[in-house]
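One file, work-v8.cif, carrying mmCIF, C-alpha atoms:
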```
data_model
#
loop_
_atom_site.label_atom_id
_atom_site.label_comp_id
_atom_site.auth_asym_id
_atom_site.auth_seq_id
_atom_site.Cartn_x
_atom_site.Cartn_y
_atom_site.Cartn_z
CA MET A 1434 -60.70 -90.05 65.35
CA SER A 1435 -57.62 -88.32 66.62
CA GLY A 1436 -55.95 -90.37 69.36
CA ASP A 1437 -55.21 -87.64 71.88
CA CYS A 1438 -58.35 -85.57 71.32
CA ILE A 1439 -60.56 -85.36 74.40
CA PHE A 1440 -63.69 -84.71 72.34
CA CYS A 1441 -62.99 -87.77 70.20
CA LYS A 1442 -62.73 -89.77 73.43
CA ILE A 1443 -66.01 -88.27 74.66
CA ALA A 1444 -67.63 -89.14 71.33
CA LYS A 1445 -66.45 -92.73 71.73
CA GLY A 1446 -68.04 -92.86 75.18
CA GLU A 1447 -64.77 -93.28 77.04
CA PHE A 1448 -65.87 -90.97 79.87
CA GLY A 1449 -69.49 -92.08 80.11
CA THR A 1450 -70.66 -88.59 79.16
CA LYS A 1451 -74.42 -88.14 79.20
CA PHE A 1452 -75.46 -86.95 75.77
CA ILE A 1453 -78.53 -84.73 75.69
CA TYR A 1454 -78.69 -85.01 71.90
CA GLU A 1455 -77.08 -87.31 69.39
CA ASP A 1456 -77.40 -88.23 65.74
CA LYS A 1457 -75.09 -89.67 63.10
CA ASP A 1458 -73.06 -86.46 62.81
CA LEU A 1459 -73.34 -84.62 66.12
CA LEU A 1460 -73.41 -84.98 69.90
CA ALA A 1461 -74.42 -82.52 72.62
CA PHE A 1462 -73.56 -82.54 76.31
CA HIS A 1463 -73.27 -80.11 79.23
CA ASP A 1464 -69.99 -78.20 79.54
CA ILE A 1465 -68.08 -79.32 82.65
CA ASN A 1466 -67.07 -75.70 83.33
CA PRO A 1467 -70.39 -73.97 82.73
CA GLN A 1468 -70.39 -70.21 82.19
CA ALA A 1469 -74.17 -69.88 82.40
CA PRO A 1470 -77.06 -71.85 83.93
CA VAL A 1471 -77.40 -73.61 80.57
CA HIS A 1472 -74.09 -74.25 78.84
CA VAL A 1473 -74.12 -77.02 76.26
CA LEU A 1474 -71.46 -78.08 73.76
CA ILE A 1475 -72.48 -79.37 70.35
CA ILE A 1476 -69.59 -81.29 68.76
CA SER A 1477 -69.02 -83.18 65.54
CA ARG A 1478 -68.50 -86.94 65.79
CA ASN A 1479 -65.69 -86.68 63.26
CA HIS A 1480 -62.44 -85.03 64.16
CA ILE A 1481 -62.17 -81.65 62.46
CA SER A 1482 -59.89 -79.24 64.26
CA ARG A 1483 -61.30 -75.79 63.56
CA ILE A 1484 -64.38 -74.15 62.14
CA ASN A 1485 -62.22 -72.39 59.55
CA GLN A 1486 -61.51 -75.76 57.96
CA LEU A 1487 -65.12 -75.90 56.82
CA ASP A 1488 -65.66 -74.53 53.34
CA ASP A 1489 -67.77 -75.14 50.27
CA SER A 1490 -66.44 -78.72 50.13
CA ASN A 1491 -68.18 -79.41 53.45
CA PRO A 1492 -71.21 -77.14 53.32
CA ASP A 1493 -73.64 -78.77 55.72
CA LEU A 1494 -71.95 -79.39 59.07
CA ALA A 1495 -71.82 -75.83 60.46
CA GLY A 1496 -75.47 -75.21 59.65
CA LYS A 1497 -76.48 -78.51 61.16
CA MET A 1498 -74.65 -77.57 64.36
CA ILE A 1499 -76.62 -74.30 64.57
CA LEU A 1500 -79.97 -75.99 63.93
CA THR A 1501 -79.11 -78.62 66.52
CA ALA A 1502 -78.29 -75.90 69.04
CA ASN A 1503 -81.74 -74.43 68.33
CA LYS A 1504 -83.32 -77.82 69.07
CA VAL A 1505 -81.34 -78.21 72.29
CA ALA A 1506 -82.35 -74.69 73.35
CA ARG A 1507 -86.00 -75.64 72.88
CA ASN A 1508 -85.49 -78.81 74.90
CA GLU A 1509 -83.75 -76.79 77.64
CA LYS A 1510 -86.68 -74.32 77.66
CA ILE A 1511 -84.53 -71.28 76.87
CA SER A 1512 -85.56 -70.67 73.28
CA LYS A 1513 -88.04 -67.90 74.08
CA ALA A 1514 -85.90 -66.09 76.68
CA GLY A 1515 -82.91 -66.32 74.36
CA TYR A 1516 -79.35 -67.56 74.23
CA ARG A 1517 -75.92 -67.03 72.71
CA LEU A 1518 -74.14 -69.34 70.26
CA VAL A 1519 -70.34 -69.17 70.08
CA PHE A 1520 -67.72 -70.78 67.88
CA ASN A 1521 -64.13 -70.17 69.00
CA CYS A 1522 -61.54 -70.56 66.27
CA GLY A 1523 -57.83 -70.74 67.02
CA PRO A 1524 -55.76 -68.90 69.63
CA ASP A 1525 -57.33 -65.43 69.39
CA GLY A 1526 -60.78 -66.99 69.47
CA GLY A 1527 -59.96 -68.77 72.71
CA GLN A 1528 -60.41 -72.26 71.29
CA GLU A 1529 -59.28 -74.71 73.99
CA VAL A 1530 -60.02 -78.06 72.35
CA GLU A 1531 -58.91 -78.55 68.77
CA HIS A 1532 -62.09 -80.32 67.69
CA ILE A 1533 -65.01 -78.32 66.29
CA HIS A 1534 -67.58 -77.41 68.94
CA LEU A 1535 -70.37 -74.89 69.34
CA HIS A 1536 -71.17 -73.31 72.72
CA LEU A 1537 -74.85 -72.76 73.58
CA LEU A 1538 -75.21 -70.43 76.59
CA GLY A 1539 -78.40 -69.25 78.24
CA GLY A 1540 -80.46 -69.09 81.38
CA ARG A 1541 -79.02 -65.68 82.24
CA GLN A 1542 -78.57 -62.30 80.59
CA MET A 1543 -75.47 -62.48 78.40
CA SER A 1544 -73.38 -59.29 78.39
CA TRP A 1545 -71.45 -57.40 75.71
CA PRO A 1546 -68.77 -57.62 74.46
CA PRO A 1547 -68.73 -61.39 74.06
CA GLY A 1548 -65.34 -61.83 75.70
CA MET B 874 -88.26 -56.52 54.03
CA SER B 875 -89.57 -55.24 57.32
CA GLY B 876 -90.22 -51.50 57.13
CA ASP B 877 -88.66 -50.41 60.39
CA CYS B 878 -85.74 -52.84 60.43
CA ILE B 879 -82.38 -51.09 60.32
CA PHE B 880 -80.65 -54.11 58.79
CA CYS B 881 -83.27 -54.28 56.02
CA LYS B 882 -82.53 -50.61 55.33
CA ILE B 883 -78.79 -51.32 55.29
CA ALA B 884 -79.40 -54.23 52.90
CA LYS B 885 -81.33 -51.87 50.59
CA GLY B 886 -78.39 -49.47 50.60
CA GLU B 887 -80.24 -46.67 52.35
CA PHE B 888 -77.22 -45.71 54.45
CA GLY B 889 -74.54 -46.18 51.82
CA THR B 890 -72.93 -48.94 53.89
CA LYS B 891 -69.73 -50.34 52.44
CA PHE B 892 -70.20 -54.07 52.00
CA ILE B 893 -67.03 -56.12 52.32
CA TYR B 894 -68.86 -59.22 51.04
CA GLU B 895 -72.15 -59.75 49.26
CA ASP B 896 -73.99 -62.45 47.39
CA LYS B 897 -77.63 -63.24 46.64
CA ASP B 898 -78.36 -64.29 50.24
CA LEU B 899 -75.90 -62.45 52.50
CA LEU B 900 -74.11 -59.17 53.13
CA ALA B 901 -71.15 -58.35 55.37
CA PHE B 902 -70.02 -55.00 56.76
CA HIS B 903 -68.04 -53.56 59.67
CA ASP B 904 -69.92 -53.11 62.95
CA ILE B 905 -70.30 -49.41 63.76
CA ASN B 906 -69.59 -50.16 67.45
CA PRO B 907 -66.62 -52.52 67.09
CA GLN B 908 -65.67 -54.64 70.07
CA ALA B 909 -62.42 -55.85 68.53
CA PRO B 910 -59.97 -54.63 65.87
CA VAL B 911 -61.92 -56.74 63.38
CA HIS B 912 -65.67 -56.80 64.03
CA VAL B 913 -67.81 -57.70 61.05
CA LEU B 914 -71.52 -58.44 60.82
CA ILE B 915 -72.81 -61.02 58.38
CA ILE B 916 -76.54 -60.54 57.76
CA SER B 917 -79.19 -62.18 55.65
CA ARG B 918 -80.72 -60.11 52.85
CA ASN B 919 -84.15 -61.42 53.79
CA HIS B 920 -85.79 -60.36 57.00
CA ILE B 921 -85.76 -63.21 59.49
CA SER B 922 -85.93 -62.05 63.09
CA ARG B 923 -84.01 -64.64 65.08
CA ILE B 924 -81.69 -67.58 64.56
CA ASN B 925 -84.13 -69.82 66.43
CA GLN B 926 -86.60 -69.38 63.56
CA LEU B 927 -84.28 -71.44 61.38
CA ASP B 928 -85.11 -75.13 61.34
CA ASP B 929 -85.11 -78.08 59.01
CA SER B 930 -87.41 -76.15 56.64
CA ASN B 931 -84.59 -73.65 56.09
CA PRO B 932 -81.47 -75.77 56.45
CA ASP B 933 -78.87 -73.83 54.51
CA LEU B 934 -78.80 -70.21 55.70
CA ALA B 935 -77.06 -70.63 59.07
CA GLY B 936 -74.31 -72.76 57.58
CA LYS B 937 -73.82 -70.35 54.74
CA MET B 938 -73.40 -67.52 57.25
CA ILE B 939 -70.66 -69.46 59.04
CA LEU B 940 -68.81 -70.32 55.83
CA THR B 941 -69.09 -66.71 54.73
CA ALA B 942 -67.62 -65.57 58.05
CA ASN B 943 -64.72 -67.94 57.40
CA LYS B 944 -64.18 -66.31 53.99
CA VAL B 945 -64.32 -62.81 55.47
CA ALA B 946 -61.84 -63.85 58.17
CA ARG B 947 -59.44 -65.00 55.48
CA ASN B 948 -59.88 -61.72 53.62
CA GLU B 949 -59.28 -59.79 56.85
CA LYS B 950 -56.10 -61.84 57.47
CA ILE B 951 -57.24 -63.17 60.86
CA SER B 952 -57.96 -66.77 59.92
CA LYS B 953 -54.67 -68.16 61.20
CA ALA B 954 -54.54 -66.12 64.44
CA GLY B 955 -58.16 -66.98 65.11
CA TYR B 956 -61.51 -65.36 65.81
CA ARG B 957 -64.85 -65.76 67.55
CA LEU B 958 -68.25 -66.17 65.86
CA VAL B 959 -71.36 -65.16 67.83
CA PHE B 960 -75.08 -65.40 67.21
CA ASN B 961 -77.22 -63.60 69.77
CA CYS B 962 -80.77 -64.84 70.01
CA GLY B 963 -83.47 -62.93 71.88
CA PRO B 964 -83.26 -60.93 75.12
CA ASP B 965 -80.98 -63.20 77.16
CA GLY B 966 -78.66 -63.56 74.18
CA GLY B 967 -78.31 -59.79 73.95
CA GLN B 968 -79.77 -59.55 70.46
CA GLU B 969 -80.16 -55.83 69.69
CA VAL B 970 -81.45 -55.91 66.10
CA GLU B 971 -84.27 -58.31 65.33
CA HIS B 972 -82.80 -59.44 62.00
CA ILE B 973 -80.49 -62.46 61.87
CA HIS B 974 -76.82 -61.49 62.03
CA LEU B 975 -73.55 -63.20 62.86
CA HIS B 976 -70.72 -61.37 64.66
CA LEU B 977 -67.16 -62.09 63.54
CA LEU B 978 -64.63 -60.77 66.07
CA GLY B 979 -60.85 -60.96 65.89
CA GLY B 980 -57.59 -59.09 65.84
CA ARG B 981 -57.22 -59.45 69.61
CA GLN B 982 -57.30 -62.21 72.21
CA MET B 983 -60.94 -62.93 73.02
CA SER B 984 -61.60 -63.70 76.68
CA TRP B 985 -63.85 -66.17 78.51
CA PRO B 986 -66.72 -66.23 79.34
CA PRO B 987 -68.15 -64.84 76.12
CA GLY B 988 -70.25 -62.20 77.84
#
```
Would you encode the structure as structure tokens?
Amino acid sequence: MSGDCIFCKIAKGEFGTKFIYEDKDLLAFHDINPQAPVHVLIISRNHISRINQLDDSNPDLAGKMILTANKVARNEKISKAGYRLVFNCGPDGGQEVEHIHLHLLGGRQMSWPPG
Amino acid sequence: MSGDCIFCKIAKGEFGTKFIYEDKDLLAFHDINPQAPVHVLIISRNHISRINQLDDSNPDLAGKMILTANKVARNEKISKAGYRLVFNCGPDGGQEVEHIHLHLLGGRQMSWPPG
């Protein structure tokens, strides 16, 4: 837990966020500024600032986030039509909240380049 | 190996692609249509069509791709400035080659939405 982190507060339930998936490591909920008909964030319960902090000492979290996004996509009925998964890391990546999160976007044709 | 898959042919060395990272599971090389000053693809050696085919029976590959992208980003000197990681899955995701690959993009400010 990091005191000022909005995603830590969401994870603690401080905003009454509706979680569409949760387990001991991860939570998923709809982005409040959706960029596609389906736009879900998958976040870690623990406070880790950036994806580039994950390395061989913490090998499982990133993969679990991807597999969880796949599960959420199936639940949201977009797995067959397709979707985009996005990790933003740091300023150039456009990361707005310094707490690891994965964007799942679908329900429309995603364009290229990806931002 | 899938006979007509361009990424399987790249993995076999048929095009003389310069790999900037390789291990027993993964390969990385520069995208031939770069969308950013740094645009690297991380692919699996084995032919798997889409990221949504990965599930709890194959828990490690997706995470390894992310951690490898982190390593490549460090090697490319963009880890501190930041970057974006993108998996496209299926038609709506904009997946162009039906062989799992992760896009690493950096060296410029990425914009939002991500496509």
To verify the selection step, state as an mmCIF file with C-alpha atoms, in the frame of the given file which residues the PyMOL selection byres ((chain B) within 9 of (chain A)) yields on this input.
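Contents of selection04.cif, as written:
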```cif
data_model
loop_
_atom_site.group_PDB
_atom_site.id
_atom_site.type_symbol
_atom_site.label_atom_id
_atom_site.label_comp_id
_atom_site.auth_asym_id
_atom_site.auth_seq_id
_atom_site.Cartn_x
_atom_site.Cartn_y
_atom_site.Cartn_z
ATOM 1 C CA GLN B 908 -65.670 -54.640 70.070
ATOM 2 C CA ALA B 909 -62.420 -55.850 68.530
ATOM 3 C CA ILE B 924 -81.690 -67.580 64.560
ATOM 4 C CA ASN B 925 -84.130 -69.820 66.430
ATOM 5 C CA GLN B 926 -86.600 -69.380 63.560
ATOM 6 C CA LEU B 927 -84.280 -71.440 61.380
ATOM 7 C CA ASP B 928 -85.110 -75.130 61.340
ATOM 8 C CA ASP B 929 -85.110 -78.080 59.010
ATOM 9 C CA PRO B 932 -81.470 -75.770 56.450
ATOM 10 C CA ASP B 933 -78.870 -73.830 54.510
ATOM 11 C CA LEU B 934 -78.800 -70.210 55.700
ATOM 12 C CA ALA B 935 -77.060 -70.630 59.070
ATOM 13 C CA GLY B 936 -74.310 -72.760 57.580
ATOM 14 C CA LYS B 937 -73.820 -70.350 54.740
ATOM 15 C CA MET B 938 -73.400 -67.520 57.250
ATOM 16 C CA ILE B 939 -70.660 -69.460 59.040
ATOM 17 C CA LEU B 940 -68.810 -70.320 55.830
ATOM 18 C CA THR B 941 -69.090 -66.710 54.730
ATOM 19 C CA ALA B 942 -67.620 -65.570 58.050
ATOM 20 C CA ASN B 943 -64.720 -67.940 57.400
ATOM 21 C CA LYS B 944 -64.180 -66.310 53.990
ATOM 22 C CA ALA B 946 -61.840 -63.850 58.170
ATOM 23 C CA ARG B 947 -59.440 -65.000 55.480
ATOM 24 C CA ILE B 951 -57.240 -63.170 60.860
ATOM 25 C CA SER B 952 -57.960 -66.770 59.920
ATOM 26 C CA LYS B 953 -54.670 -68.160 61.200
ATOM 27 C CA ALA B 954 -54.540 -66.120 64.440
ATOM 28 C CA GLY B 955 -58.160 -66.980 65.110
ATOM 29 C CA TYR B 956 -61.510 -65.360 65.810
ATOM 30 C CA ARG B 957 -64.850 -65.760 67.550
ATOM 31 C CA LEU B 958 -68.250 -66.170 65.860
ATOM 32 C CA VAL B 959 -71.360 -65.160 67.830
ATOM 33 C CA PHE B 960 -75.080 -65.400 67.210
ATOM 34 C CA ASN B 961 -77.220 -63.600 69.770
ATOM 35 C CA CYS B 962 -80.770 -64.840 70.010
ATOM 36 C CA GLY B 963 -83.470 -62.930 71.880
ATOM 37 C CA PRO B 964 -83.260 -60.930 75.120
ATOM 38 C CA ASP B 965 -80.980 -63.200 77.160
ATOM 39 C CA GLY B 966 -78.660 -63.560 74.180
ATOM 40 C CA GLY B 967 -78.310 -59.790 73.950
ATOM 41 C CA GLN B 968 -79.770 -59.550 70.460
ATOM 42 C CA LEU B 978 -64.630 -60.770 66.070
ATOM 43 C CA GLY B 979 -60.850 -60.960 65.890
ATOM 44 C CA GLY B 980 -57.590 -59.090 65.840
ATOM 45 C CA ARG B 981 -57.220 -59.450 69.610
ATOM 46 C CA GLN B 982 -57.300 -62.210 72.210
ATOM 47 C CA MET B 983 -60.940 -62.930 73.020
ATOM 48 C CA SER B 984 -61.600 -63.700 76.680
ATOM 49 C CA TRP B 985 -63.850 -66.170 78.510
ATOM 50 C CA PRO B 986 -66.720 -66.230 79.340
ATOM 51 C CA PRO B 987 -68.150 -64.840 76.120
ATOM 52 C CA GLY B 988 -70.250 -62.200 77.840
#
```
Practice task
Around the point (-67.3, -80.0, 66.0), in the coordinates given by the file, pick out the residues reaching within 7 Å, counting all atoms listed in the file, and return them as an MDAnalysis selection string.
Solution key: chainID A and resid 1475:1477 1481 1532:1535
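The spacing separating atom CA of B:Glu969 from atom CA of A:Asn1508 amounts to 24.2 Å.
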Practice task
In Å, rounded to a single decimal, give me how far atom CA of A:Val1505 is from atom CA of A:Tyr1454.
Solution key: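 Rounded to one decimal, the two atoms are 7.3 Å apart.
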What box, with edges along x, y and z, holds each listed atom of stretch 1447-1465 of chain A when 4 Å is added on every side, and can you state its centre and edge lengths in Å to one decimal, as lines of an AutoDock Vina configuration file?
```
center_x = -71.7
center_y = -85.7
center_z = 72.7
size_x = 21.9
size_y = 23.1
size_z = 27.8
```
Practice task
Would you mind reading off the distance between atom CA of A:Cys1441 and atom CA of A:Glu1509, one decimal, in Å?
Solution key: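 According to the coordinates, atom CA of A:Cys1441 and atom CA of A:Glu1509 are separated by 24.6 Å.
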Practice task
Report as JSON, numbers by chain the residues that result from applying the PyMOL selection byres ((chain B and resi 884) around 10) to the structure here.
Solution key: {"B": [874, 878, 879, 880, 881, 882, 883, 885, 886, 887, 888, 889, 890, 892, 895, 899, 900, 901, 916, 917, 918, 919, 920]}
